[in-house]
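Structure data follow from model05.txt (compact mmCIF, N, CA and C atoms):
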# COMPACT_ATOMS: atom_id res chain seq x y z
N MET A 8 0.85 -1.17 0.00
CA MET A 8 0.00 0.00 0.00
C MET A 8 0.90 1.24 0.00
N LEU A 9 0.50 2.22 -0.76
CA LEU A 9 1.24 3.48 -0.84
C LEU A 9 1.04 4.27 0.45
N SER A 10 2.12 4.70 1.05
CA SER A 10 2.03 5.44 2.32
C SER A 10 1.59 6.88 2.09
N ASP A 11 1.08 7.49 3.15
CA ASP A 11 0.73 8.91 3.10
C ASP A 11 1.97 9.73 2.80
N THR A 12 3.11 9.31 3.31
CA THR A 12 4.36 10.03 3.08
C THR A 12 4.68 10.05 1.59
N ALA A 13 4.51 8.93 0.91
CA ALA A 13 4.77 8.86 -0.53
C ALA A 13 3.78 9.74 -1.29
N ARG A 14 2.54 9.76 -0.84
CA ARG A 14 1.54 10.63 -1.49
C ARG A 14 1.92 12.11 -1.34
N TYR A 15 2.31 12.51 -0.14
CA TYR A 15 2.76 13.89 0.06
C TYR A 15 3.97 14.19 -0.80
N ALA A 16 4.89 13.24 -0.89
CA ALA A 16 6.09 13.44 -1.70
C ALA A 16 5.72 13.65 -3.16
N MET A 17 4.82 12.84 -3.68
CA MET A 17 4.42 12.99 -5.08
C MET A 17 3.72 14.32 -5.31
N ARG A 18 2.83 14.70 -4.39
CA ARG A 18 2.12 15.97 -4.55
C ARG A 18 3.09 17.15 -4.46
N ALA A 19 4.07 17.08 -3.57
CA ALA A 19 5.07 18.15 -3.46
C ALA A 19 5.91 18.22 -4.72
N MET A 20 6.31 17.06 -5.22
CA MET A 20 7.11 17.02 -6.45
C MET A 20 6.31 17.54 -7.64
N MET A 21 5.01 17.27 -7.68
CA MET A 21 4.16 17.79 -8.74
C MET A 21 4.11 19.31 -8.69
N THR A 22 3.99 19.85 -7.49
CA THR A 22 3.97 21.31 -7.32
C THR A 22 5.28 21.92 -7.83
N LEU A 23 6.38 21.29 -7.49
CA LEU A 23 7.69 21.79 -7.94
C LEU A 23 7.85 21.61 -9.45
N ALA A 24 7.31 20.54 -10.00
CA ALA A 24 7.39 20.31 -11.45
C ALA A 24 6.67 21.42 -12.22
N GLU A 25 5.54 21.87 -11.67
CA GLU A 25 4.79 22.94 -12.33
C GLU A 25 5.54 24.26 -12.31
N ARG A 26 6.44 24.44 -11.38
CA ARG A 26 7.22 25.68 -11.24
C ARG A 26 8.61 25.58 -11.84
N HIS A 27 9.05 24.37 -12.17
CA HIS A 27 10.44 24.12 -12.59
C HIS A 27 10.87 25.09 -13.68
N PRO A 28 12.03 25.70 -13.57
CA PRO A 28 13.11 25.48 -12.62
C PRO A 28 13.10 26.45 -11.43
N THR A 29 12.05 27.24 -11.29
CA THR A 29 11.98 28.21 -10.20
C THR A 29 11.76 27.51 -8.87
N PRO A 30 12.61 27.78 -7.86
CA PRO A 30 12.43 27.14 -6.55
C PRO A 30 11.17 27.62 -5.84
N ALA A 31 10.69 26.81 -4.92
CA ALA A 31 9.53 27.17 -4.10
C ALA A 31 9.90 27.00 -2.64
N ALA A 32 9.46 27.95 -1.83
CA ALA A 32 9.68 27.87 -0.39
C ALA A 32 8.84 26.73 0.18
N ILE A 33 9.32 26.13 1.24
CA ILE A 33 8.62 25.01 1.86
C ILE A 33 7.19 25.39 2.26
N GLY A 34 7.01 26.61 2.75
CA GLY A 34 5.68 27.08 3.14
C GLY A 34 4.72 27.13 1.97
N GLU A 35 5.22 27.55 0.80
CA GLU A 35 4.38 27.60 -0.40
C GLU A 35 3.93 26.21 -0.81
N VAL A 36 4.86 25.28 -0.77
CA VAL A 36 4.53 23.91 -1.16
C VAL A 36 3.55 23.30 -0.16
N ALA A 37 3.80 23.50 1.12
CA ALA A 37 2.92 22.96 2.15
C ALA A 37 1.50 23.49 1.98
N GLU A 38 1.39 24.78 1.71
CA GLU A 38 0.06 25.38 1.51
C GLU A 38 -0.60 24.83 0.25
N ALA A 39 0.18 24.70 -0.83
CA ALA A 39 -0.37 24.23 -2.10
C ALA A 39 -0.93 22.82 -2.01
N ILE A 40 -0.33 21.98 -1.18
CA ILE A 40 -0.79 20.59 -1.10
C ILE A 40 -1.50 20.27 0.21
N SER A 41 -1.76 21.30 1.00
CA SER A 41 -2.43 21.14 2.29
C SER A 41 -1.74 20.11 3.18
N ALA A 42 -0.44 20.33 3.36
CA ALA A 42 0.36 19.41 4.18
C ALA A 42 0.91 20.14 5.39
N PRO A 43 1.07 19.46 6.51
CA PRO A 43 1.71 20.08 7.67
C PRO A 43 3.16 20.43 7.32
N ARG A 44 3.54 21.66 7.58
CA ARG A 44 4.87 22.14 7.17
C ARG A 44 6.01 21.31 7.75
N LYS A 45 5.97 21.01 9.05
CA LYS A 45 7.04 20.26 9.69
C LYS A 45 7.17 18.86 9.06
N TYR A 46 6.06 18.23 8.82
CA TYR A 46 6.05 16.91 8.20
C TYR A 46 6.64 16.98 6.79
N LEU A 47 6.22 17.99 6.04
CA LEU A 47 6.70 18.15 4.67
C LEU A 47 8.20 18.46 4.63
N GLU A 48 8.69 19.18 5.63
CA GLU A 48 10.13 19.45 5.69
C GLU A 48 10.93 18.15 5.72
N ALA A 49 10.49 17.19 6.50
CA ALA A 49 11.18 15.90 6.59
C ALA A 49 11.10 15.16 5.25
N VAL A 50 9.95 15.22 4.59
CA VAL A 50 9.77 14.58 3.29
C VAL A 50 10.72 15.20 2.27
N MET A 51 10.76 16.53 2.24
CA MET A 51 11.59 17.23 1.26
C MET A 51 13.08 16.98 1.51
N LEU A 52 13.48 16.93 2.76
CA LEU A 52 14.88 16.65 3.08
C LEU A 52 15.28 15.25 2.59
N ARG A 53 14.39 14.32 2.75
CA ARG A 53 14.66 12.96 2.28
C ARG A 53 14.79 12.91 0.76
N LEU A 54 13.89 13.61 0.07
CA LEU A 54 13.95 13.68 -1.39
C LEU A 54 15.24 14.36 -1.85
N LYS A 55 15.66 15.36 -1.11
CA LYS A 55 16.92 16.05 -1.43
C LYS A 55 18.10 15.12 -1.21
N ARG A 56 18.13 14.46 -0.07
CA ARG A 56 19.22 13.55 0.27
C ARG A 56 19.37 12.44 -0.77
N GLU A 57 18.25 12.02 -1.36
CA GLU A 57 18.27 10.95 -2.36
C GLU A 57 18.46 11.47 -3.79
N GLY A 58 18.68 12.77 -3.93
CA GLY A 58 19.02 13.33 -5.24
C GLY A 58 17.87 13.71 -6.15
N LEU A 59 16.65 13.74 -5.62
CA LEU A 59 15.51 14.13 -6.45
C LEU A 59 15.23 15.63 -6.38
N LEU A 60 15.68 16.28 -5.31
CA LEU A 60 15.49 17.72 -5.15
C LEU A 60 16.83 18.39 -4.88
N VAL A 61 16.87 19.68 -5.14
CA VAL A 61 17.98 20.54 -4.73
C VAL A 61 17.36 21.69 -3.95
N SER A 62 18.17 22.35 -3.14
CA SER A 62 17.66 23.50 -2.39
C SER A 62 18.66 24.63 -2.48
N SER A 63 18.13 25.83 -2.29
CA SER A 63 18.97 27.03 -2.26
C SER A 63 18.46 27.94 -1.17
N ARG A 64 19.38 28.68 -0.59
CA ARG A 64 19.03 29.58 0.51
C ARG A 64 18.76 30.98 -0.03
N GLY A 65 18.20 31.78 0.84
CA GLY A 65 18.00 33.19 0.48
C GLY A 65 16.56 33.52 0.18
N ARG A 66 16.35 34.79 -0.10
CA ARG A 66 15.00 35.31 -0.34
C ARG A 66 14.32 34.61 -1.52
N LEU A 67 15.07 34.29 -2.55
CA LEU A 67 14.50 33.63 -3.72
C LEU A 67 14.79 32.13 -3.74
N GLY A 68 15.21 31.60 -2.60
CA GLY A 68 15.56 30.19 -2.50
C GLY A 68 14.38 29.30 -2.25
N GLY A 69 14.69 28.07 -2.00
CA GLY A 69 13.66 27.07 -1.74
C GLY A 69 14.07 25.75 -2.36
N TYR A 70 13.09 24.92 -2.62
CA TYR A 70 13.34 23.61 -3.22
C TYR A 70 12.97 23.63 -4.70
N ALA A 71 13.72 22.85 -5.47
CA ALA A 71 13.44 22.67 -6.90
C ALA A 71 13.80 21.24 -7.28
N LEU A 72 13.29 20.80 -8.41
CA LEU A 72 13.63 19.47 -8.90
C LEU A 72 15.11 19.42 -9.24
N ALA A 73 15.74 18.30 -8.98
CA ALA A 73 17.16 18.13 -9.29
C ALA A 73 17.37 17.89 -10.79
N ARG A 74 16.33 17.43 -11.47
CA ARG A 74 16.40 17.22 -12.92
C ARG A 74 14.99 17.41 -13.48
N PRO A 75 14.84 17.50 -14.79
CA PRO A 75 13.51 17.72 -15.36
C PRO A 75 12.50 16.64 -14.95
N ALA A 76 11.25 17.04 -14.87
CA ALA A 76 10.17 16.14 -14.45
C ALA A 76 10.06 14.91 -15.34
N ALA A 77 10.41 15.03 -16.60
CA ALA A 77 10.34 13.89 -17.52
C ALA A 77 11.41 12.85 -17.22
N GLU A 78 12.39 13.19 -16.37
CA GLU A 78 13.48 12.27 -16.03
C GLU A 78 13.34 11.67 -14.63
N ILE A 79 12.24 11.96 -13.95
CA ILE A 79 12.00 11.42 -12.62
C ILE A 79 10.78 10.51 -12.70
N SER A 80 11.00 9.22 -12.48
CA SER A 80 9.88 8.28 -12.59
C SER A 80 9.07 8.26 -11.29
N VAL A 81 7.84 7.84 -11.41
CA VAL A 81 6.99 7.67 -10.24
C VAL A 81 7.63 6.63 -9.32
N ALA A 82 8.24 5.60 -9.91
CA ALA A 82 8.93 4.56 -9.13
C ALA A 82 10.07 5.16 -8.31
N ASP A 83 10.80 6.14 -8.87
CA ASP A 83 11.88 6.80 -8.13
C ASP A 83 11.36 7.39 -6.82
N ILE A 84 10.25 8.08 -6.91
CA ILE A 84 9.68 8.76 -5.73
C ILE A 84 9.20 7.73 -4.72
N ILE A 85 8.49 6.72 -5.18
CA ILE A 85 7.96 5.71 -4.27
C ILE A 85 9.09 4.95 -3.58
N ARG A 86 10.12 4.60 -4.33
CA ARG A 86 11.23 3.86 -3.73
C ARG A 86 11.93 4.69 -2.65
N VAL A 87 12.08 5.99 -2.87
CA VAL A 87 12.71 6.84 -1.87
C VAL A 87 11.87 6.87 -0.59
N MET A 88 10.58 6.97 -0.73
CA MET A 88 9.73 7.13 0.43
C MET A 88 9.30 5.81 1.08
N ASP A 89 9.03 4.80 0.26
CA ASP A 89 8.45 3.55 0.78
C ASP A 89 9.36 2.32 0.63
N GLY A 90 10.47 2.45 -0.07
CA GLY A 90 11.34 1.31 -0.29
C GLY A 90 10.96 0.53 -1.53
N PRO A 91 11.36 -0.74 -1.61
CA PRO A 91 11.11 -1.55 -2.81
C PRO A 91 9.63 -1.64 -3.17
N LEU A 92 9.38 -1.85 -4.45
CA LEU A 92 8.01 -1.95 -4.95
C LEU A 92 7.38 -3.31 -4.64
N ALA A 93 8.18 -4.31 -4.37
CA ALA A 93 7.69 -5.66 -4.13
C ALA A 93 6.90 -5.76 -2.82
N LEU A 94 5.93 -6.66 -2.81
CA LEU A 94 5.12 -6.89 -1.61
C LEU A 94 5.87 -7.67 -0.54
N THR A 95 6.85 -8.47 -0.97
CA THR A 95 7.66 -9.24 -0.03
C THR A 95 9.13 -9.10 -0.43
N PRO A 96 10.05 -9.26 0.52
CA PRO A 96 11.47 -9.12 0.21
C PRO A 96 11.95 -10.12 -0.85
N CYS A 97 11.35 -11.30 -0.90
CA CYS A 97 11.80 -12.31 -1.86
C CYS A 97 11.40 -11.96 -3.30
N ALA A 98 10.48 -11.02 -3.46
CA ALA A 98 10.05 -10.61 -4.80
C ALA A 98 10.70 -9.29 -5.22
N SER A 99 11.59 -8.78 -4.42
CA SER A 99 12.26 -7.52 -4.73
C SER A 99 13.42 -7.75 -5.70
N ARG A 100 13.51 -6.92 -6.71
CA ARG A 100 14.63 -6.98 -7.66
C ARG A 100 15.82 -6.18 -7.14
N THR A 101 15.56 -5.21 -6.28
CA THR A 101 16.63 -4.34 -5.79
C THR A 101 17.13 -4.69 -4.40
N ARG A 102 16.30 -5.33 -3.59
CA ARG A 102 16.69 -5.68 -2.21
C ARG A 102 16.22 -7.09 -1.85
N PHE A 103 16.56 -8.05 -2.70
CA PHE A 103 16.13 -9.44 -2.47
C PHE A 103 16.59 -9.94 -1.10
N GLU A 104 15.68 -10.65 -0.47
CA GLU A 104 15.98 -11.32 0.79
C GLU A 104 14.94 -12.43 0.93
N ALA A 105 15.41 -13.62 1.25
CA ALA A 105 14.48 -14.73 1.44
C ALA A 105 13.59 -14.45 2.65
N CYS A 106 12.33 -14.83 2.53
CA CYS A 106 11.41 -14.68 3.65
C CYS A 106 11.85 -15.62 4.77
N GLU A 107 11.68 -15.20 6.01
CA GLU A 107 12.19 -16.00 7.13
C GLU A 107 11.51 -17.36 7.28
N ASN A 108 10.31 -17.51 6.82
CA ASN A 108 9.62 -18.79 6.96
C ASN A 108 9.55 -19.57 5.64
N CYS A 109 10.33 -19.16 4.64
CA CYS A 109 10.32 -19.82 3.33
C CYS A 109 11.16 -21.10 3.38
N VAL A 110 10.62 -22.16 2.79
CA VAL A 110 11.34 -23.43 2.73
C VAL A 110 12.38 -23.41 1.62
N ASP A 111 12.00 -22.91 0.42
CA ASP A 111 12.92 -22.88 -0.72
C ASP A 111 12.45 -21.82 -1.72
N VAL A 112 13.17 -20.71 -1.82
CA VAL A 112 12.78 -19.61 -2.71
C VAL A 112 12.80 -20.02 -4.18
N GLN A 113 13.56 -21.06 -4.52
CA GLN A 113 13.67 -21.50 -5.92
C GLN A 113 12.39 -22.16 -6.43
N VAL A 114 11.56 -22.65 -5.54
CA VAL A 114 10.34 -23.34 -5.96
C VAL A 114 9.06 -22.74 -5.35
N CYS A 115 9.18 -21.65 -4.67
CA CYS A 115 8.03 -21.05 -3.98
C CYS A 115 7.05 -20.44 -4.99
N GLY A 116 5.85 -21.00 -5.05
CA GLY A 116 4.82 -20.51 -5.95
C GLY A 116 4.37 -19.10 -5.62
N ILE A 117 4.31 -18.78 -4.34
CA ILE A 117 3.91 -17.44 -3.91
C ILE A 117 4.89 -16.42 -4.46
N ARG A 118 6.18 -16.71 -4.31
CA ARG A 118 7.22 -15.79 -4.77
C ARG A 118 7.10 -15.53 -6.28
N PHE A 119 6.86 -16.59 -7.07
CA PHE A 119 6.80 -16.43 -8.52
C PHE A 119 5.63 -15.52 -8.93
N ILE A 120 4.51 -15.67 -8.27
CA ILE A 120 3.36 -14.82 -8.59
C ILE A 120 3.63 -13.38 -8.15
N LEU A 121 4.21 -13.20 -6.97
CA LEU A 121 4.52 -11.85 -6.49
C LEU A 121 5.59 -11.19 -7.34
N LEU A 122 6.54 -11.97 -7.88
CA LEU A 122 7.53 -11.42 -8.81
C LEU A 122 6.85 -10.90 -10.08
N GLU A 123 5.90 -11.67 -10.58
CA GLU A 123 5.17 -11.27 -11.78
C GLU A 123 4.40 -9.97 -11.52
N GLY A 124 3.75 -9.90 -10.37
CA GLY A 124 3.02 -8.67 -10.01
C GLY A 124 3.95 -7.49 -9.82
N ARG A 125 5.08 -7.71 -9.16
CA ARG A 125 6.08 -6.65 -8.96
C ARG A 125 6.58 -6.13 -10.29
N ASP A 126 6.86 -7.06 -11.22
CA ASP A 126 7.38 -6.65 -12.53
C ASP A 126 6.35 -5.83 -13.31
N ALA A 127 5.08 -6.23 -13.23
CA ALA A 127 4.02 -5.49 -13.93
C ALA A 127 3.87 -4.09 -13.34
N LEU A 128 3.86 -4.02 -12.02
CA LEU A 128 3.75 -2.72 -11.35
C LEU A 128 4.96 -1.84 -11.67
N ALA A 129 6.15 -2.42 -11.58
CA ALA A 129 7.37 -1.66 -11.85
C ALA A 129 7.38 -1.14 -13.29
N GLU A 130 6.88 -1.94 -14.23
CA GLU A 130 6.87 -1.51 -15.63
C GLU A 130 6.07 -0.22 -15.79
N VAL A 131 4.95 -0.14 -15.13
CA VAL A 131 4.10 1.06 -15.21
C VAL A 131 4.75 2.22 -14.47
N LEU A 132 5.18 1.98 -13.23
CA LEU A 132 5.71 3.07 -12.40
C LEU A 132 7.06 3.59 -12.88
N GLU A 133 7.84 2.76 -13.54
CA GLU A 133 9.11 3.22 -14.08
C GLU A 133 8.93 3.95 -15.41
N ARG A 134 7.90 3.58 -16.15
CA ARG A 134 7.61 4.23 -17.43
C ARG A 134 6.96 5.60 -17.23
N ARG A 135 6.14 5.71 -16.19
CA ARG A 135 5.43 6.97 -15.92
C ARG A 135 6.33 7.91 -15.14
N THR A 136 6.27 9.18 -15.51
CA THR A 136 7.16 10.16 -14.91
C THR A 136 6.38 11.23 -14.14
N LEU A 137 7.13 12.03 -13.45
CA LEU A 137 6.56 13.17 -12.74
C LEU A 137 5.84 14.09 -13.74
N GLN A 138 6.37 14.19 -14.92
CA GLN A 138 5.71 15.00 -15.96
C GLN A 138 4.33 14.44 -16.27
N ASP A 139 4.19 13.12 -16.29
CA ASP A 139 2.87 12.51 -16.52
C ASP A 139 1.89 12.86 -15.41
N LEU A 140 2.40 12.95 -14.19
CA LEU A 140 1.53 13.27 -13.05
C LEU A 140 0.94 14.68 -13.13
N VAL A 141 1.67 15.61 -13.71
CA VAL A 141 1.18 16.99 -13.75
C VAL A 141 0.33 17.28 -14.97
N ARG A 142 0.27 16.35 -15.90
CA ARG A 142 -0.61 16.52 -17.06
C ARG A 142 -2.05 16.32 -16.63
N THR A 143 -2.98 16.85 -17.38
CA THR A 143 -4.40 16.66 -17.11
C THR A 143 -4.72 15.18 -17.27
N PRO A 144 -5.31 14.56 -16.24
CA PRO A 144 -5.60 13.11 -16.34
C PRO A 144 -6.66 12.82 -17.38
N ASP A 145 -6.58 11.63 -17.96
CA ASP A 145 -7.57 11.16 -18.92
C ASP A 145 -8.75 10.64 -18.11
N LEU A 146 -9.84 11.39 -18.12
CA LEU A 146 -11.01 11.04 -17.30
C LEU A 146 -11.79 9.88 -17.87
N SER A 147 -11.40 9.39 -19.07
CA SER A 147 -12.10 8.22 -19.62
C SER A 147 -11.63 6.93 -18.95
N ILE A 148 -10.54 7.01 -18.22
CA ILE A 148 -10.05 5.84 -17.49
C ILE A 148 -10.67 5.87 -16.11
N SER A 149 -11.47 4.86 -15.82
CA SER A 149 -12.13 4.84 -14.50
C SER A 149 -11.23 4.15 -13.49
N PRO A 150 -11.16 4.69 -12.28
CA PRO A 150 -10.32 4.07 -11.25
C PRO A 150 -10.90 2.74 -10.81
N ALA A 151 -10.01 1.78 -10.60
CA ALA A 151 -10.44 0.47 -10.11
C ALA A 151 -10.59 0.53 -8.60
N ALA A 152 -11.45 -0.29 -8.06
CA ALA A 152 -11.67 -0.32 -6.61
C ALA A 152 -10.51 -0.95 -5.89

Re-express the file's structure as structure tokens.
Amino acid sequence: MLSDTARYAMRAMMTLAERHPTPAAIGEVAEAISAPRKYLEAVMLRLKREGLLVSSRGRLGGYALARPAAEISVADIIRVMDGPLALTPCASRTRFEACENCVDVQVCGIRFILLEGRDALAEVLERRTLQDLVRTPDLSISPAA
């Protein structure tokens, strides 16, 4: 499940994408996305530390995207905030770890299905970019429950 922190991160990044390359003060971003400022500060610092944002000081300073929105995938943001895309460590391509109660990862049917799901999800989230998030959504696509 996508965390609230990841949702705030995506919304903050969308706000910055709309302003790129002009920086935005943390207060402006917090107000734009209706987020608690202190909470958002921690989110933005993490995004900066992981190379998705840059910051500058001064009257015209603030946060800005570290690279164009078309070069930042949705998967990049989620991985920074929530970790691997896989539902279990054994299905992770970036941080594989056998489950503690697994008998044999080489023949585990659960793992194979979760790997397939992880790959499908990753294909979409890696292909879609921050630029896609700020475009007007196609309202003909109905959200699934």

Here's a test: counting all atoms listed in the file, identify every protein, DNA and RNA residue with an atom at most 7 Å from (9.7, 17.5, -6.1) in the file's coordinate frame, and state them as a compact mmCIF listing (two decimals) with N, CA and C atoms, keeping the file's coordinate frame.
# COMPACT_ATOMS: atom_id res chain seq x y z
N ALA A 16 4.89 13.24 -0.89
CA ALA A 16 6.09 13.44 -1.70
C ALA A 16 5.72 13.65 -3.16
N MET A 17 4.82 12.84 -3.68
CA MET A 17 4.42 12.99 -5.08
C MET A 17 3.72 14.32 -5.31
N ARG A 18 2.83 14.70 -4.39
CA ARG A 18 2.12 15.97 -4.55
C ARG A 18 3.09 17.15 -4.46
N ALA A 19 4.07 17.08 -3.57
CA ALA A 19 5.07 18.15 -3.46
C ALA A 19 5.91 18.22 -4.72
N MET A 20 6.31 17.06 -5.22
CA MET A 20 7.11 17.02 -6.45
C MET A 20 6.31 17.54 -7.64
N MET A 21 5.01 17.27 -7.68
CA MET A 21 4.16 17.79 -8.74
C MET A 21 4.11 19.31 -8.69
N THR A 22 3.99 19.85 -7.49
CA THR A 22 3.97 21.31 -7.32
C THR A 22 5.28 21.92 -7.83
N LEU A 23 6.38 21.29 -7.49
CA LEU A 23 7.69 21.79 -7.94
C LEU A 23 7.85 21.61 -9.45
N ALA A 24 7.31 20.54 -10.00
CA ALA A 24 7.39 20.31 -11.45
C ALA A 24 6.67 21.42 -12.22
N LEU A 59 16.65 13.74 -5.62
CA LEU A 59 15.51 14.13 -6.45
C LEU A 59 15.23 15.63 -6.38
N LEU A 60 15.68 16.28 -5.31
CA LEU A 60 15.49 17.72 -5.15
C LEU A 60 16.83 18.39 -4.88
N ALA A 71 13.72 22.85 -5.47
CA ALA A 71 13.44 22.67 -6.90
C ALA A 71 13.80 21.24 -7.28
N LEU A 72 13.29 20.80 -8.41
CA LEU A 72 13.63 19.47 -8.90
C LEU A 72 15.11 19.42 -9.24
N ALA A 73 15.74 18.30 -8.98
CA ALA A 73 17.16 18.13 -9.29
C ALA A 73 17.37 17.89 -10.79

Polymer residues at most 8 Å from Thr95 of chain A, all atoms listed in the file, same-chain spacing of 4 or more positions, as a PyMOL selection string | chain A and resi 91+99-100+102-106+121-122

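Counting from atom N of Val110 of chain A, the distance to atom N of Leu9 of chain A is 26.6 Å.
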
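Residue nearest Val50 of chain A within the list A:Thr12, A:Thr136, A:Asn108, A:Thr29: A:Thr12 [criterion: smallest interatomic distance, only N, CA and C atoms].
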
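Atom to atom, atom C of Arg56 of chain A and atom CA of Met88 of chain A stand 11.1 Å apart.
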